[in-house]
$ cat my_file_20.tsv   # TSV, C-alpha atoms and all ligand atoms
chain	number	residue	atom	x	y	z
W	215	MET	CA	-19.20	-10.32	-35.68
W	216	SER	CA	-19.61	-8.79	-39.13
W	217	ASP	CA	-16.66	-7.12	-40.91
W	218	ILE	CA	-18.39	-3.77	-40.37
W	219	ALA	CA	-18.71	-4.40	-36.64
W	220	VAL	CA	-15.07	-5.51	-36.42
W	221	GLU	CA	-14.02	-2.31	-38.20
W	222	ALA	CA	-16.20	-0.19	-35.89
W	223	VAL	CA	-14.68	-1.74	-32.76
W	224	HIS	CA	-11.18	-1.03	-34.04
W	225	GLN	CA	-12.08	2.49	-35.07
W	226	ASN	CA	-13.37	3.15	-31.56
W	227	ILE	CA	-10.07	1.99	-30.08
W	228	HIS	CA	-7.96	4.01	-32.52
W	229	GLN	CA	-10.02	7.18	-32.22
W	230	ARG	CA	-9.73	7.44	-28.45
W	231	GLN	CA	-7.60	10.42	-27.56
W	232	SER	CA	-7.24	12.25	-24.31
W	233	ILE	CA	-8.79	15.69	-24.30
W	234	GLY	CA	-8.01	18.02	-21.44
W	235	HIS	CA	-10.88	20.48	-21.62
W	236	LEU	CA	-14.36	18.97	-21.76
W	237	VAL	CA	-17.84	20.40	-21.62
W	238	GLU	CA	-21.47	19.26	-21.34
W	239	PRO	CA	-23.08	16.94	-22.13
W	240	ALA	CA	-21.76	14.30	-19.78
W	241	PRO	CA	-22.93	10.69	-20.04
W	242	SER	CA	-26.36	9.81	-18.72
W	243	ALA	CA	-26.63	7.55	-15.66
W	244	ALA	CA	-27.47	4.62	-17.97
W	245	GLN	CA	-24.45	5.27	-20.22
W	246	LEU	CA	-22.23	5.53	-17.17
W	247	ASP	CA	-23.58	2.27	-15.78
W	248	GLN	CA	-22.90	0.59	-19.11
W	249	ALA	CA	-19.30	1.85	-18.94
W	250	PHE	CA	-18.89	0.56	-15.35
W	251	ALA	CA	-20.26	-2.82	-16.43
W	252	ALA	CA	-17.74	-2.89	-19.32
W	253	ALA	CA	-14.94	-1.92	-16.93
W	254	LEU	CA	-15.78	-4.71	-14.53
W	255	THR	CA	-15.34	-7.39	-17.22
W	256	ALA	CA	-11.59	-6.66	-17.35
W	257	PRO	CA	-9.20	-9.59	-16.92
W	258	ASP	CA	-8.83	-10.16	-13.20
W	259	HIS	CA	-6.75	-12.99	-11.75
W	260	HIS	CA	-8.84	-15.00	-9.28
W	261	ARG	CA	-11.62	-12.47	-9.79
W	262	LEU	CA	-10.49	-10.38	-6.86
W	263	LYS	CA	-12.32	-7.37	-8.30
W	264	PRO	CA	-9.71	-4.84	-7.15
W	265	THR	CA	-11.26	-1.84	-8.92
W	266	ARG	CA	-13.76	0.58	-7.43
W	267	PHE	CA	-15.26	3.69	-8.99
W	268	VAL	CA	-16.40	6.82	-7.23
W	269	VAL	CA	-18.46	9.34	-9.21
W	270	VAL	CA	-17.96	13.04	-8.58
W	271	GLN	CA	-21.16	14.59	-9.86
W	272	GLU	CA	-21.19	18.09	-11.33
W	273	ALA	CA	-22.62	19.67	-8.17
W	274	GLN	CA	-19.82	18.16	-6.07
W	275	ARG	CA	-16.96	19.58	-8.10
W	276	GLU	CA	-16.33	22.60	-5.91
W	277	ALA	CA	-16.18	20.49	-2.74
W	278	PHE	CA	-14.01	17.96	-4.55
W	279	GLY	CA	-11.65	20.77	-5.59
W	280	GLU	CA	-11.29	21.70	-1.92
W	281	LEU	CA	-10.39	18.08	-1.15
W	282	LEU	CA	-7.81	18.09	-3.97
W	283	SER	CA	-6.25	21.21	-2.47
W	284	GLN	CA	-6.10	19.64	0.99
W	285	ALA	CA	-4.62	16.49	-0.57
W	286	LEU	CA	-1.96	18.49	-2.38
W	287	ALA	CA	-1.07	20.27	0.87
W	288	ASP	CA	-0.88	16.82	2.46
W	289	THR	CA	1.82	15.83	-0.05
W	290	GLY	CA	3.97	18.72	1.19
W	291	GLN	CA	3.01	21.38	-1.33
W	292	THR	CA	3.09	24.78	0.38
W	293	GLU	CA	2.82	27.19	-2.57
W	294	GLU	CA	-0.48	29.00	-2.25
W	295	VAL	CA	-0.75	29.41	-6.06
W	296	GLN	CA	-0.61	25.65	-6.56
W	297	LEU	CA	-3.04	24.97	-3.72
W	298	GLU	CA	-5.52	27.44	-5.25
W	299	ARG	CA	-5.01	26.22	-8.81
W	300	VAL	CA	-5.87	22.62	-8.04
W	301	LYS	CA	-9.25	23.72	-6.67
W	302	HIS	CA	-10.26	24.57	-10.24
W	303	HIS	CA	-9.14	21.30	-11.77
W	304	PRO	CA	-12.51	19.51	-11.41
W	305	PHE	CA	-14.06	22.21	-13.61
W	306	ARG	CA	-12.11	20.94	-16.61
W	307	ALA	CA	-14.98	18.50	-17.25
W	308	PRO	CA	-18.63	18.13	-16.26
W	309	LEU	CA	-18.12	14.72	-14.69
W	310	LEU	CA	-15.25	13.04	-12.87
W	311	VAL	CA	-14.86	9.42	-11.93
W	312	LEU	CA	-12.18	8.21	-9.55
W	313	ALA	CA	-10.80	4.77	-10.29
W	314	LEU	CA	-9.48	3.12	-7.15
W	315	THR	CA	-7.51	-0.07	-6.69
W	316	LYS	CA	-8.10	-1.92	-3.46
W	317	LEU	CA	-5.13	-4.21	-3.11
W	318	GLN	CA	-5.49	-7.59	-1.46
W	319	ASP	CA	-2.72	-9.82	-0.22
W	320	HIS	CA	-3.29	-13.04	-2.12
W	321	PRO	CA	-0.88	-15.99	-2.43
W	322	LYS	CA	-1.35	-16.23	-6.21
W	323	VAL	CA	-2.14	-12.68	-7.24
W	324	PRO	CA	0.61	-10.18	-6.52
W	325	HIS	CA	-0.27	-6.51	-6.21
W	326	PHE	CA	1.10	-5.68	-9.65
W	327	GLU	CA	-1.43	-8.02	-11.26
W	328	GLN	CA	-4.25	-6.29	-9.42
W	329	ILE	CA	-2.95	-2.91	-10.58
W	330	LEU	CA	-2.80	-4.15	-14.18
W	331	SER	CA	-6.36	-5.40	-13.85
W	332	SER	CA	-7.48	-1.92	-12.77
W	333	GLY	CA	-5.67	-0.43	-15.77
W	334	ALA	CA	-7.54	-2.78	-18.08
W	335	ALA	CA	-10.82	-1.89	-16.35
W	336	ILE	CA	-10.14	1.81	-16.83
W	337	GLN	CA	-9.39	1.34	-20.53
W	338	ASN	CA	-12.67	-0.59	-20.98
W	339	PHE	CA	-14.40	2.27	-19.19
W	340	LEU	CA	-12.88	4.91	-21.49
W	341	LEU	CA	-13.70	2.93	-24.63
W	342	SER	CA	-17.28	2.34	-23.57
W	343	LEU	CA	-17.80	6.08	-23.05
W	344	GLN	CA	-16.12	6.83	-26.35
W	345	VAL	CA	-18.65	4.66	-28.24
W	346	HIS	CA	-21.29	7.18	-27.18
W	347	GLY	CA	-19.20	10.08	-28.45
W	348	PHE	CA	-17.81	11.22	-25.10
W	349	SER	CA	-14.20	12.14	-24.55
W	350	THR	CA	-12.09	11.52	-21.50
W	351	MET	CA	-8.76	12.19	-19.87
W	352	TRP	CA	-7.12	9.86	-17.41
W	353	ARG	CA	-5.18	11.92	-14.92
W	354	SER	CA	-3.30	11.39	-11.67
W	355	GLY	CA	-0.92	14.01	-10.25
W	356	ALA	CA	0.78	14.34	-6.89
W	357	VAL	CA	-2.56	14.22	-5.06
W	358	VAL	CA	-2.97	10.48	-5.65
W	359	GLU	CA	-0.14	9.85	-3.19
W	360	SER	CA	-1.89	11.74	-0.39
W	361	ALA	CA	-2.82	9.66	2.67
W	362	LEU	CA	-5.48	12.24	3.51
W	363	PHE	CA	-7.05	11.84	0.05
W	364	LYS	CA	-7.00	8.04	0.34
W	365	GLN	CA	-8.57	8.21	3.77
W	366	ALA	CA	-11.32	10.50	2.47
W	367	LEU	CA	-12.12	7.86	-0.16
W	368	GLY	CA	-12.21	5.02	2.34
W	369	LEU	CA	-8.90	3.57	1.19
W	370	THR	CA	-5.99	2.30	3.23
W	371	GLU	CA	-2.55	3.79	2.57
W	372	ALA	CA	-1.62	0.66	0.61
W	373	ASP	CA	-4.55	1.09	-1.79
W	374	LEU	CA	-4.21	3.19	-4.91
W	375	ILE	CA	-5.99	6.08	-6.52
W	376	SER	CA	-5.32	4.76	-10.02
W	377	GLY	CA	-6.97	7.53	-11.94
W	378	ILE	CA	-9.01	10.67	-11.86
W	379	ILE	CA	-11.00	10.33	-15.05
W	380	TYR	CA	-12.34	13.53	-16.57
W	381	ILE	CA	-15.40	12.93	-18.75
W	382	GLY	CA	-17.45	15.08	-21.08
W	383	THR	CA	-17.71	16.28	-24.64
W	384	ALA	CA	-14.85	17.70	-26.69
W	385	VAL	CA	-15.28	21.28	-27.85
W	386	LYS	CA	-13.27	20.74	-31.01
W	387	ALA	CA	-11.60	17.90	-32.84
W	388	ILE	CA	-7.89	17.39	-32.22
W	389	PRO	CA	-5.41	16.14	-34.83
W	390	SER	CA	-5.63	12.40	-35.18
W	391	ARG	CA	-3.01	10.21	-33.63
W	392	GLN	CA	0.21	9.68	-35.60
W	393	GLU	CA	0.34	6.28	-37.15
W	394	ILE	CA	2.19	3.85	-34.90
W	395	ASN	CA	4.81	1.63	-36.45
W	396	ILE	CA	3.96	-1.61	-34.71
W	397	SER	CA	7.19	-3.28	-35.81
W	398	GLU	CA	9.07	-1.08	-33.32
W	399	PHE	CA	7.13	-2.71	-30.51
W	400	VAL	CA	6.43	-6.22	-31.70
W	401	SER	CA	8.86	-9.03	-32.39
W	402	ASP	CA	8.85	-12.78	-32.79
W	403	TRP	CA	10.37	-14.77	-29.98
W	404	LYS	CA	13.14	-17.04	-31.31
W	405	LYS	CA	15.06	-19.71	-29.49
L	1	LIG	C1	-2.10	6.21	-14.82
L	1	LIG	C2	-2.06	7.41	-15.72
L	1	LIG	C3	-2.01	8.68	-15.16
L	1	LIG	C4	-1.94	9.80	-15.97
L	1	LIG	N1	-1.90	11.04	-15.40
L	1	LIG	C5	-1.84	12.15	-16.19
L	1	LIG	C6	-1.85	13.44	-15.62
L	1	LIG	O1	-1.94	13.62	-14.40
L	1	LIG	N2	-1.75	14.49	-16.44
L	1	LIG	C7	-1.65	14.33	-17.80
L	1	LIG	O2	-1.54	15.34	-18.52
L	1	LIG	N3	-1.68	13.11	-18.39
L	1	LIG	C8	-1.78	12.02	-17.60
L	1	LIG	N4	-1.82	10.77	-18.17
L	1	LIG	C9	-1.67	10.64	-19.64
L	1	LIG	C10	-2.95	10.93	-20.40
L	1	LIG	O3	-4.06	10.26	-19.82
L	1	LIG	C11	-2.85	10.47	-21.86
L	1	LIG	O4	-2.84	9.08	-21.95
L	1	LIG	C12	-1.64	11.02	-22.57
L	1	LIG	O5	-1.71	12.42	-22.58
L	1	LIG	C13	-1.54	10.51	-24.03
L	1	LIG	O6	-2.67	10.90	-24.74
L	1	LIG	P1	-3.61	9.85	-25.49
L	1	LIG	O7	-4.39	9.13	-24.42
L	1	LIG	O8	-4.46	10.71	-26.37
L	1	LIG	O9	-2.73	8.93	-26.26
L	1	LIG	C14	-1.92	9.64	-17.39
L	1	LIG	C15	-2.01	8.36	-17.95
L	1	LIG	C16	-2.08	7.25	-17.12
L	1	LIG	C17	-2.17	5.87	-17.75
$ encode --input "my_file_20.tsv" --output "structure tokens"
Amino acid sequence: MSDIAVEAVHQNIHQRQSIGHLVEPAPSAAQLDQAFAAALTAPDHHRLKPTRFVVVQEAQREAFGELLSQALADTGQTEEVQLERVKHHPFRAPLLVLALTKLQDHPKVPHFEQILSSGAAIQNFLLSLQVHGFSTMWRSGAVVESALFKQALGLTEADLISGIIYIGTAVKAIPSRQEINISEFVSDWKK
């Protein structure tokens, strides 16, 4: 890889920032497929492929908002304001992708490793979309604990809704990330 390519890859990683309100355009089907393919190369012990993606297309957002509201009610929320508010959440972006983790019982791959693998897959997914100039926000919320929501997505109660990824185009630039002092997080192991 040339120095320029190396720099570009790092810039893409550093420039990723979550943006809450996103508008059209959303990625094309081909760009989305490229991002799924990137996601599915994530490190994955014994190649169990624990991650699944479900696309909520623009036209499905209203129905999906209804499901979110039912899911929130399922978690015990009774406040009508909250149950109404969540119905509008899918409209924060033109495209949503649900990242699911289907956990398997495996003698060598504990659940936490499968969850980490899904996290790596999601990050690959975000970075692939970012290369094309799209912005994203990885969200969860109380709804991801809902058994009703999991059931609606074909999951068992043990499986996880690991992310509700909002995807689109940023309306305006946001201040760049503060420089991170890596020495606070990195140390040499010494005997
Ligand atoms: C698993 C997971 C779930 C998250 N859920 C939410 C959420 O529901 N709402 C939210 O505001 N941020 C959520 N975040 C955090 C944002 O995605 C984002 O990472 C955070 O705001 C920091 O911004 P940055 O990505 O620009 O560094 C979540 C992050 C992860 C990894």
$ closest_atom_pairs --input "my_file_20.tsv" --of "chain W" --to "ligand LIG 1 (chain L)" --cutoff "7 Å" --atoms "all atoms listed in the file" --output "Markdown table"
| residue | atom | partner | partner_atom | distance |
| --- | --- | --- | --- | --- |
| W:Arg230 | CA | L:LIG1 | O8 | 6.5 |
| W:Gln231 | CA | L:LIG1 | O8 | 3.4 |
| W:Ser232 | CA | L:LIG1 | O8 | 3.8 |
| W:Ile233 | CA | L:LIG1 | O8 | 6.9 |
| W:Met351 | CA | L:LIG1 | O3 | 5.1 |
| W:Trp352 | CA | L:LIG1 | O3 | 3.9 |
| W:Arg353 | CA | L:LIG1 | N1 | 3.4 |
| W:Ser354 | CA | L:LIG1 | O1 | 3.8 |
| W:Gly355 | CA | L:LIG1 | O1 | 4.3 |
| W:Ser376 | CA | L:LIG1 | C1 | 6.0 |
| W:Gly377 | CA | L:LIG1 | C1 | 5.8 |
$ closest_residue --input "my_file_20.tsv" --among "W:Val357, W:Leu369, W:Ile218, W:Ala244" --to "W:Gly279" --atoms "only C-alpha atoms"
W:Val357
$ residues_near_point --input "my_file_20.tsv" --point "(-19.3, 7.5, -23.5)" --cutoff "10 Å" --atoms "all atoms listed in the file" --output "JSON, numbers by chain"
{"W": [240, 241, 242, 245, 246, 248, 249, 339, 340, 341, 342, 343, 344, 345, 346, 347, 348, 349, 350, 381, 382, 383]}
$ residues_around --input "my_file_20.tsv" --residues "stretch 324-334 of chain W" --least-positions-apart "2" --cutoff "6 Å" --atoms "only C-alpha atoms" --output "ChimeraX atom specification"
/W:256-258,265,336-337
$ atom_distance --input "my_file_20.tsv" --atom1 "atom CA of W:Pro264" --atom2 "atom CA of W:Asn338"
14.8 Å
$ atom_distance --input "my_file_20.tsv" --atom1 "atom CA of W:Ala335" --atom2 "atom CA of W:Pro321"
22.2 Å
$ closest_atom_pairs --input "my_file_20.tsv" --of "stretch 302-327 of chain W" --to "stretch 267-271 of chain W" --cutoff "10 Å" --atoms "only C-alpha atoms" --output "Markdown table"
| residue | atom | partner | partner_atom | distance |
| --- | --- | --- | --- | --- |
| W:Pro304 | CA | W:Val270 | CA | 8.9 |
| W:Pro308 | CA | W:Gln271 | CA | 7.7 |
| W:Leu309 | CA | W:Gln271 | CA | 5.7 |
| W:Leu310 | CA | W:Val270 | CA | 5.1 |
| W:Val311 | CA | W:Val269 | CA | 4.5 |
| W:Leu312 | CA | W:Val268 | CA | 5.0 |
| W:Ala313 | CA | W:Phe267 | CA | 4.8 |
| W:Leu314 | CA | W:Phe267 | CA | 6.1 |
| W:Thr315 | CA | W:Phe267 | CA | 8.9 |
$ closest_residue --input "my_file_20.tsv" --among "W:Ser283, W:Gln225, W:Ser216, W:Thr255" --to "W:Val358" --atoms "only C-alpha atoms"
W:Ser283
$ closest_residue --input "my_file_20.tsv" --among "W:Arg266, W:Lys405, W:Arg275, W:Arg306" --to "W:Leu367" --atoms "only C-alpha atoms"
W:Arg266
$ atom_distance --input "my_file_20.tsv" --atom1 "atom CA of W:Ala251" --atom2 "atom CA of W:Ile379"
16.1 Å
$ closest_residue --input "my_file_20.tsv" --among "W:Ile394, W:Leu262, W:Ala285, W:Ala384" --to "W:Lys322" --atoms "all atoms listed in the file"
W:Leu262
$ residues_near_point --input "my_file_20.tsv" --point "(1.7, 18.2, -1.7)" --cutoff "12 Å" --atoms "only C-alpha atoms" --output "JSON, numbers by chain"
{"W": [282, 283, 284, 285, 286, 287, 288, 289, 290, 291, 292, 293, 294, 296, 297, 300, 355, 356, 357, 358, 359, 360, 361, 362, 363]}
$ write_last_selection --input "my_file_20.tsv" --atoms "C-alpha atoms" --output "CSV table (one decimal), in the frame of the given file"
chain,number,residue,atom,x,y,z
W,282,LEU,CA,-7.8,18.1,-4.0
W,283,SER,CA,-6.2,21.2,-2.5
W,284,GLN,CA,-6.1,19.6,1.0
W,285,ALA,CA,-4.6,16.5,-0.6
W,286,LEU,CA,-2.0,18.5,-2.4
W,287,ALA,CA,-1.1,20.3,0.9
W,288,ASP,CA,-0.9,16.8,2.5
W,289,THR,CA,1.8,15.8,0.0
W,290,GLY,CA,4.0,18.7,1.2
W,291,GLN,CA,3.0,21.4,-1.3
W,292,THR,CA,3.1,24.8,0.4
W,293,GLU,CA,2.8,27.2,-2.6
W,294,GLU,CA,-0.5,29.0,-2.2
W,296,GLN,CA,-0.6,25.6,-6.6
W,297,LEU,CA,-3.0,25.0,-3.7
W,300,VAL,CA,-5.9,22.6,-8.0
W,355,GLY,CA,-0.9,14.0,-10.2
W,356,ALA,CA,0.8,14.3,-6.9
W,357,VAL,CA,-2.6,14.2,-5.1
W,358,VAL,CA,-3.0,10.5,-5.6
W,359,GLU,CA,-0.1,9.8,-3.2
W,360,SER,CA,-1.9,11.7,-0.4
W,361,ALA,CA,-2.8,9.7,2.7
W,362,LEU,CA,-5.5,12.2,3.5
W,363,PHE,CA,-7.0,11.8,0.0
